[in-house]
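Let me begin by presenting the structure, written as structure tokens, before commenting on it.
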Amino acid sequence: MRVLVVEDEVKMAALLRRGLGEHGFAVEVAGTGEDAVGMATATPYEAIVLDVMLPGIDGLEACRRMRVQGVWSPVLMLTARGALGDRVAGLDGGADDYLTKPFSFAELLARLRALARRGQAERTALVEVGDLRLDRPARQAWRGETEIELSAKELTLLELFMRNPGHVLTRTQLLEHAWEYDYEHRSNVIEVYVRYLRRKIDRPFGVKSLETVRGAGYRLRRDGGR
Ligand code: CA
């Protein structure tokens, strides 16, 4: 499994290279965001570990540039302790998950494996359900001809619904898919995001495509609500 580590601090980069290497990852290291974007567009890495603090363009900008260029390798962003703004910006800029420095190596491994399992193949195609359309690489969604502005998390959730039309998705499934570890069993984050989604994909169009299935979860109607 090929992983790109983007970190300018030589000691940290060496540590990650050795540690991940010992666990069977083939690790390549980039020292700048510009190099990382170049390498990521040339090689389909199974995962990218991207430090926010870099010389030149930072990790957030590097991630945005990768996504714009159609790089859909899962990105795990490394942020400074307490830098909530970085985490939000990272996720909105197309990162899949983040880890706050200092982190335990075991946690890094677990997150990387989870990200790699999710894979990138599932994220590349155009998805259609009724008149809902989603272009994941371009991060764009439409109902009919109307483009819908969605945040990165809303896109992630909508994609999961659209790849499973007519199926009930449980809160746990949605949490595991979109949030990995952080929110498990202790948050109404799914309810909140389903509400956001309905406000964007349903209400302005006078449809009800995202249904609540009591005691079970949520379901996107196969007809997309029309
Ligand atoms: Ca750094």
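Residue names in the structure tokens use chain letters A, B, ... in the order shown, residue numbers from 1 in each chain, and ligand numbers from 1 in the order shown.
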
Env. residues ligand 1 / 7 Å / only C-alpha atoms and all ligand atoms / as a list in words | Glu7, Asp8, Glu9, Asp51, Val52, Met53 and Leu54 of chain A

Got a sec: who's within 10 Å of Leu220 in chain A, counting only C-alpha atoms, leaving out chain neighbours fewer than 3 positions off, as a list in words?
-> Val129, Leu158, Leu160, Phe161, Met162, Arg163, Asn164, Pro165, Gly166, His167, Val168, Leu169, Lys208, Ser209, Leu210, Glu211, Thr212, Asp223, Gly224 and Gly225 of chain A

Can I get the selection written as a compact mmCIF listing (two decimals), in the first residue's frame, with all heavy atoms?
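Saved as selection.txt:
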# COMPACT_ATOMS: atom_id res chain seq x y z
N VAL A 129 -29.37 9.90 -8.92
CA VAL A 129 -30.56 9.30 -8.32
C VAL A 129 -31.71 10.24 -8.64
O VAL A 129 -31.75 11.37 -8.16
CB VAL A 129 -30.42 9.15 -6.79
CG1 VAL A 129 -31.72 8.60 -6.19
CG2 VAL A 129 -29.25 8.25 -6.44
N LEU A 158 -24.22 12.99 1.37
CA LEU A 158 -25.10 12.87 0.20
C LEU A 158 -24.61 11.75 -0.71
O LEU A 158 -25.39 10.96 -1.23
CB LEU A 158 -25.16 14.20 -0.57
CG LEU A 158 -26.05 14.16 -1.82
CD1 LEU A 158 -27.49 13.82 -1.47
CD2 LEU A 158 -25.98 15.48 -2.58
N LEU A 160 -23.02 9.04 0.15
CA LEU A 160 -23.36 7.75 0.74
C LEU A 160 -24.83 7.41 0.48
O LEU A 160 -25.16 6.29 0.10
CB LEU A 160 -23.06 7.78 2.25
CG LEU A 160 -23.16 6.44 2.95
CD1 LEU A 160 -22.19 5.43 2.37
CD2 LEU A 160 -22.91 6.60 4.44
N PHE A 161 -25.70 8.40 0.66
CA PHE A 161 -27.12 8.16 0.37
C PHE A 161 -27.32 7.84 -1.10
O PHE A 161 -28.06 6.92 -1.46
CB PHE A 161 -27.95 9.41 0.73
CG PHE A 161 -28.25 9.52 2.21
CD1 PHE A 161 -27.75 10.58 2.94
CD2 PHE A 161 -29.02 8.56 2.86
CE1 PHE A 161 -28.02 10.69 4.31
CE2 PHE A 161 -29.29 8.67 4.22
CZ PHE A 161 -28.79 9.73 4.94
N MET A 162 -26.65 8.58 -1.96
CA MET A 162 -26.87 8.39 -3.40
C MET A 162 -26.28 7.09 -3.92
O MET A 162 -26.71 6.57 -4.94
CB MET A 162 -26.30 9.59 -4.18
CG MET A 162 -27.13 10.85 -3.96
SD MET A 162 -26.54 12.28 -4.90
CE MET A 162 -26.89 11.77 -6.60
N ARG A 163 -25.30 6.55 -3.22
CA ARG A 163 -24.76 5.26 -3.63
C ARG A 163 -25.57 4.10 -3.06
O ARG A 163 -25.33 2.94 -3.38
CB ARG A 163 -23.29 5.13 -3.22
CG ARG A 163 -22.39 6.05 -4.04
CD ARG A 163 -20.94 5.75 -3.86
NE ARG A 163 -20.09 6.74 -4.50
CZ ARG A 163 -19.81 6.79 -5.81
NH1 ARG A 163 -20.31 5.88 -6.63
NH2 ARG A 163 -19.04 7.74 -6.30
N ASN A 164 -26.54 4.44 -2.19
CA ASN A 164 -27.40 3.41 -1.60
C ASN A 164 -28.86 3.83 -1.66
O ASN A 164 -29.56 3.82 -0.65
CB ASN A 164 -26.99 3.17 -0.15
CG ASN A 164 -25.57 2.67 -0.02
OD1 ASN A 164 -25.29 1.50 -0.21
ND2 ASN A 164 -24.66 3.59 0.28
N PRO A 165 -29.36 4.18 -2.84
CA PRO A 165 -30.73 4.69 -2.90
C PRO A 165 -31.73 3.61 -2.50
O PRO A 165 -31.56 2.44 -2.85
CB PRO A 165 -30.90 5.07 -4.38
CG PRO A 165 -29.89 4.27 -5.11
CD PRO A 165 -28.73 4.11 -4.16
N GLY A 166 -32.75 4.01 -1.74
CA GLY A 166 -33.78 3.07 -1.32
C GLY A 166 -33.39 2.24 -0.11
O GLY A 166 -34.21 1.50 0.43
N HIS A 167 -32.15 2.35 0.33
CA HIS A 167 -31.70 1.58 1.48
C HIS A 167 -31.69 2.46 2.73
O HIS A 167 -31.29 3.62 2.67
CB HIS A 167 -30.28 1.05 1.27
CG HIS A 167 -30.20 0.00 0.22
ND1 HIS A 167 -30.49 -1.32 0.47
CD2 HIS A 167 -29.89 0.08 -1.10
CE1 HIS A 167 -30.35 -2.02 -0.67
NE2 HIS A 167 -29.99 -1.19 -1.63
N VAL A 168 -32.10 1.86 3.84
CA VAL A 168 -32.02 2.59 5.10
C VAL A 168 -30.57 2.57 5.58
O VAL A 168 -29.95 1.50 5.67
CB VAL A 168 -32.92 1.95 6.17
CG1 VAL A 168 -32.77 2.68 7.51
CG2 VAL A 168 -34.37 1.98 5.72
N LEU A 169 -30.04 3.74 5.86
CA LEU A 169 -28.69 3.83 6.43
C LEU A 169 -28.84 4.22 7.90
O LEU A 169 -29.53 5.18 8.23
CB LEU A 169 -27.86 4.87 5.69
CG LEU A 169 -27.64 4.57 4.20
CD1 LEU A 169 -26.88 5.70 3.52
CD2 LEU A 169 -26.89 3.25 4.02
N LYS A 208 -39.47 15.78 -0.93
CA LYS A 208 -39.01 15.14 0.29
C LYS A 208 -38.33 13.83 -0.08
O LYS A 208 -38.95 12.78 -0.11
CB LYS A 208 -40.19 14.88 1.24
CG LYS A 208 -40.72 16.17 1.86
CD LYS A 208 -41.78 15.89 2.91
CE LYS A 208 -42.16 17.20 3.60
NZ LYS A 208 -43.31 17.05 4.51
N SER A 209 -37.05 13.91 -0.41
CA SER A 209 -36.36 12.70 -0.88
C SER A 209 -35.63 11.99 0.25
O SER A 209 -35.42 10.78 0.19
CB SER A 209 -35.36 13.07 -1.97
OG SER A 209 -34.31 13.86 -1.45
N LEU A 210 -35.26 12.74 1.28
CA LEU A 210 -34.48 12.15 2.38
C LEU A 210 -35.44 11.84 3.53
O LEU A 210 -35.88 12.73 4.24
CB LEU A 210 -33.41 13.16 2.80
CG LEU A 210 -32.14 12.62 3.46
CD1 LEU A 210 -31.56 11.45 2.69
CD2 LEU A 210 -31.10 13.74 3.53
N GLU A 211 -35.77 10.54 3.65
CA GLU A 211 -36.80 10.15 4.59
C GLU A 211 -36.22 9.66 5.91
O GLU A 211 -35.18 9.01 5.94
CB GLU A 211 -37.64 9.02 3.98
CG GLU A 211 -38.28 9.41 2.68
CD GLU A 211 -38.96 8.24 1.98
OE1 GLU A 211 -38.48 7.09 2.11
OE2 GLU A 211 -39.99 8.48 1.32
N THR A 212 -36.95 9.96 6.99
CA THR A 212 -36.59 9.41 8.30
C THR A 212 -37.33 8.09 8.46
O THR A 212 -38.54 8.03 8.27
CB THR A 212 -37.03 10.36 9.43
OG1 THR A 212 -36.38 11.63 9.22
CG2 THR A 212 -36.62 9.82 10.79
N ASP A 223 -36.38 7.37 -6.30
CA ASP A 223 -36.75 8.29 -7.38
C ASP A 223 -36.15 9.68 -7.14
O ASP A 223 -36.43 10.61 -7.89
CB ASP A 223 -38.26 8.37 -7.55
CG ASP A 223 -38.96 8.89 -6.29
OD1 ASP A 223 -38.25 9.27 -5.33
OD2 ASP A 223 -40.19 8.93 -6.28
N GLY A 224 -35.37 9.81 -6.07
CA GLY A 224 -34.76 11.10 -5.78
C GLY A 224 -35.77 12.14 -5.32
O GLY A 224 -35.46 13.31 -5.22
N GLY A 225 -37.01 11.68 -5.05
CA GLY A 225 -38.03 12.59 -4.51
C GLY A 225 -39.02 13.08 -5.55
O GLY A 225 -40.03 13.68 -5.22

Just the residues within 12 Å of range 13-16 of chain A, please, counting only C-alpha atoms, with nothing from its chain fewer than 6 positions along; format it as number ranges by chain.
-> A: 3-7, 22-23, 25-32, 48-51, 103-106, 108-109

Counting only C-alpha atoms, closest pick from A:Arg136, A:Met12, A:Gly24, A:Gln69 relative to Val37 in chain A is A:Gln69

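With only C-alpha atoms taken into account, the protein and nucleic acid residues at most 10 Å from range 190-199 of chain A (excluding it and anything under 5 positions from it in its own chain) are Ile148, Leu150, Ser151, Lys153, Glu154, Leu155, Leu157, Leu158, Thr170, Arg171, Thr172, Leu174, Leu175, Ala178, Trp179, Tyr183, Pro204, Phe205, Val207, Lys208, Ser209, Leu210, Glu211, Thr212, Gly217 and Tyr218 of chain A.
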
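With CA of Pro44 in chain A on one side and CA of Leu134 in chain A on the other, the separation reads 22.1 Å.
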
Please, what distance in Å, to one decimal, runs between CA of Ser73 in chain A and CA of Gly56 in chain A?
-> 21.7 Å

Output as a PDB file with N, CA, C and O atoms, in the first residue's frame all residues of range 93-214 of chain A that backbone DSSP marks as strand (DSSP E).
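In the end it all went to out-v5.pdb:
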ATOM      1  N   ASP A  97      -9.908  13.267   6.876  1.00  0.00           N
ATOM      2  CA  ASP A  97      -9.823  13.097   8.318  1.00  0.00           C
ATOM      3  C   ASP A  97      -8.641  13.919   8.797  1.00  0.00           C
ATOM      4  O   ASP A  97      -7.835  14.380   7.990  1.00  0.00           O
ATOM      5  N   TYR A  98      -8.553  14.142  10.091  1.00  0.00           N
ATOM      6  CA  TYR A  98      -7.397  14.875  10.601  1.00  0.00           C
ATOM      7  C   TYR A  98      -6.938  14.231  11.895  1.00  0.00           C
ATOM      8  O   TYR A  98      -7.672  13.495  12.557  1.00  0.00           O
ATOM      9  N   LEU A  99      -5.714  14.520  12.239  1.00  0.00           N
ATOM     10  CA  LEU A  99      -5.121  14.018  13.463  1.00  0.00           C
ATOM     11  C   LEU A  99      -4.349  15.186  14.057  1.00  0.00           C
ATOM     12  O   LEU A  99      -3.664  15.913  13.339  1.00  0.00           O
ATOM     13  N   THR A 100      -4.498  15.382  15.369  1.00  0.00           N
ATOM     14  CA  THR A 100      -3.846  16.515  16.015  1.00  0.00           C
ATOM     15  C   THR A 100      -2.494  16.086  16.554  1.00  0.00           C
ATOM     16  O   THR A 100      -2.379  15.067  17.221  1.00  0.00           O
ATOM     17  N   LEU A 126     -19.513   9.810 -11.435  1.00  0.00           N
ATOM     18  CA  LEU A 126     -20.712  10.627 -11.340  1.00  0.00           C
ATOM     19  C   LEU A 126     -21.860   9.736 -10.866  1.00  0.00           C
ATOM     20  O   LEU A 126     -22.019   8.628 -11.359  1.00  0.00           O
ATOM     21  N   VAL A 127     -22.618  10.192  -9.906  1.00  0.00           N
ATOM     22  CA  VAL A 127     -23.731   9.402  -9.371  1.00  0.00           C
ATOM     23  C   VAL A 127     -25.038  10.131  -9.659  1.00  0.00           C
ATOM     24  O   VAL A 127     -25.116  11.345  -9.518  1.00  0.00           O
ATOM     25  N   GLU A 128     -26.082   9.360 -10.038  1.00  0.00           N
ATOM     26  CA  GLU A 128     -27.388   9.972 -10.285  1.00  0.00           C
ATOM     27  C   GLU A 128     -28.476   9.189  -9.589  1.00  0.00           C
ATOM     28  O   GLU A 128     -28.510   7.964  -9.635  1.00  0.00           O
ATOM     29  N   VAL A 129     -29.372   9.901  -8.921  1.00  0.00           N
ATOM     30  CA  VAL A 129     -30.564   9.305  -8.316  1.00  0.00           C
ATOM     31  C   VAL A 129     -31.711  10.243  -8.645  1.00  0.00           C
ATOM     32  O   VAL A 129     -31.751  11.374  -8.155  1.00  0.00           O
ATOM     33  N   LEU A 132     -31.280  14.044  -8.980  1.00  0.00           N
ATOM     34  CA  LEU A 132     -30.115  14.440  -8.183  1.00  0.00           C
ATOM     35  C   LEU A 132     -28.870  13.905  -8.874  1.00  0.00           C
ATOM     36  O   LEU A 132     -28.826  12.739  -9.268  1.00  0.00           O
ATOM     37  N   ARG A 133     -27.867  14.757  -8.999  1.00  0.00           N
ATOM     38  CA  ARG A 133     -26.606  14.323  -9.586  1.00  0.00           C
ATOM     39  C   ARG A 133     -25.459  14.785  -8.721  1.00  0.00           C
ATOM     40  O   ARG A 133     -25.497  15.871  -8.147  1.00  0.00           O
ATOM     41  N   LEU A 134     -24.433  13.947  -8.635  1.00  0.00           N
ATOM     42  CA  LEU A 134     -23.277  14.283  -7.810  1.00  0.00           C
ATOM     43  C   LEU A 134     -22.007  13.942  -8.576  1.00  0.00           C
ATOM     44  O   LEU A 134     -21.854  12.822  -9.070  1.00  0.00           O
ATOM     45  N   ASP A 135     -21.143  14.925  -8.687  1.00  0.00           N
ATOM     46  CA  ASP A 135     -19.832  14.708  -9.292  1.00  0.00           C
ATOM     47  C   ASP A 135     -18.813  14.864  -8.165  1.00  0.00           C
ATOM     48  O   ASP A 135     -18.456  15.966  -7.787  1.00  0.00           O
ATOM     49  N   GLN A 140     -19.312  18.761  -6.903  1.00  0.00           N
ATOM     50  CA  GLN A 140     -20.498  19.501  -7.313  1.00  0.00           C
ATOM     51  C   GLN A 140     -21.717  18.604  -7.273  1.00  0.00           C
ATOM     52  O   GLN A 140     -21.619  17.411  -7.545  1.00  0.00           O
ATOM     53  N   ALA A 141     -22.850  19.213  -6.917  1.00  0.00           N
ATOM     54  CA  ALA A 141     -24.110  18.479  -6.892  1.00  0.00           C
ATOM     55  C   ALA A 141     -25.189  19.335  -7.539  1.00  0.00           C
ATOM     56  O   ALA A 141     -25.135  20.564  -7.494  1.00  0.00           O
ATOM     57  N   TRP A 142     -26.137  18.676  -8.153  1.00  0.00           N
ATOM     58  CA  TRP A 142     -27.246  19.386  -8.801  1.00  0.00           C
ATOM     59  C   TRP A 142     -28.559  18.673  -8.511  1.00  0.00           C
ATOM     60  O   TRP A 142     -28.606  17.454  -8.368  1.00  0.00           O
ATOM     61  N   ARG A 143     -29.646  19.464  -8.450  1.00  0.00           N
ATOM     62  CA  ARG A 143     -30.973  18.880  -8.612  1.00  0.00           C
ATOM     63  C   ARG A 143     -31.509  19.478  -9.898  1.00  0.00           C
ATOM     64  O   ARG A 143     -31.618  20.697 -10.025  1.00  0.00           O
ATOM     65  N   THR A 146     -30.174  22.833 -11.395  1.00  0.00           N
ATOM     66  CA  THR A 146     -29.753  23.770 -10.357  1.00  0.00           C
ATOM     67  C   THR A 146     -28.597  23.206  -9.545  1.00  0.00           C
ATOM     68  O   THR A 146     -28.716  22.125  -8.954  1.00  0.00           O
ATOM     69  N   GLU A 147     -27.483  23.919  -9.524  1.00  0.00           N
ATOM     70  CA  GLU A 147     -26.359  23.459  -8.725  1.00  0.00           C
ATOM     71  C   GLU A 147     -26.624  23.745  -7.250  1.00  0.00           C
ATOM     72  O   GLU A 147     -27.202  24.771  -6.899  1.00  0.00           O
ATOM     73  N   ILE A 148     -26.230  22.805  -6.389  1.00  0.00           N
ATOM     74  CA  ILE A 148     -26.461  22.934  -4.954  1.00  0.00           C
ATOM     75  C   ILE A 148     -25.116  23.098  -4.263  1.00  0.00           C
ATOM     76  O   ILE A 148     -24.210  22.281  -4.461  1.00  0.00           O
ATOM     77  N   VAL A 168     -32.099   1.857   3.843  1.00  0.00           N
ATOM     78  CA  VAL A 168     -32.019   2.590   5.104  1.00  0.00           C
ATOM     79  C   VAL A 168     -30.571   2.566   5.583  1.00  0.00           C
ATOM     80  O   VAL A 168     -29.952   1.505   5.667  1.00  0.00           O
ATOM     81  N   LEU A 169     -30.039   3.744   5.862  1.00  0.00           N
ATOM     82  CA  LEU A 169     -28.690   3.834   6.433  1.00  0.00           C
ATOM     83  C   LEU A 169     -28.837   4.217   7.902  1.00  0.00           C
ATOM     84  O   LEU A 169     -29.533   5.182   8.227  1.00  0.00           O
ATOM     85  N   LEU A 210     -35.264  12.738   1.285  1.00  0.00           N
ATOM     86  CA  LEU A 210     -34.485  12.149   2.376  1.00  0.00           C
ATOM     87  C   LEU A 210     -35.435  11.839   3.527  1.00  0.00           C
ATOM     88  O   LEU A 210     -35.875  12.734   4.239  1.00  0.00           O
ATOM     89  N   GLU A 211     -35.771  10.542   3.655  1.00  0.00           N
ATOM     90  CA  GLU A 211     -36.803  10.149   4.595  1.00  0.00           C
ATOM     91  C   GLU A 211     -36.217   9.660   5.914  1.00  0.00           C
ATOM     92  O   GLU A 211     -35.178   9.012   5.935  1.00  0.00           O
ATOM     93  N   THR A 212     -36.948   9.960   6.994  1.00  0.00           N
ATOM     94  CA  THR A 212     -36.589   9.409   8.300  1.00  0.00           C
ATOM     95  C   THR A 212     -37.329   8.090   8.465  1.00  0.00           C
ATOM     96  O   THR A 212     -38.540   8.032   8.271  1.00  0.00           O
ATOM     97  N   VAL A 213     -36.600   7.037   8.783  1.00  0.00           N
ATOM     98  CA  VAL A 213     -37.240   5.747   9.059  1.00  0.00           C
ATOM     99  C   VAL A 213     -37.139   5.527  10.557  1.00  0.00           C
ATOM    100  O   VAL A 213     -36.040   5.276  11.083  1.00  0.00           O
TER     101      VAL A 213
END

Determine the nearest neighbour of Glu46 in chain A from the options A:Gly85, A:Gly215, A:Pro74, A:Gly33, counting only C-alpha atoms.
-> A:Pro74
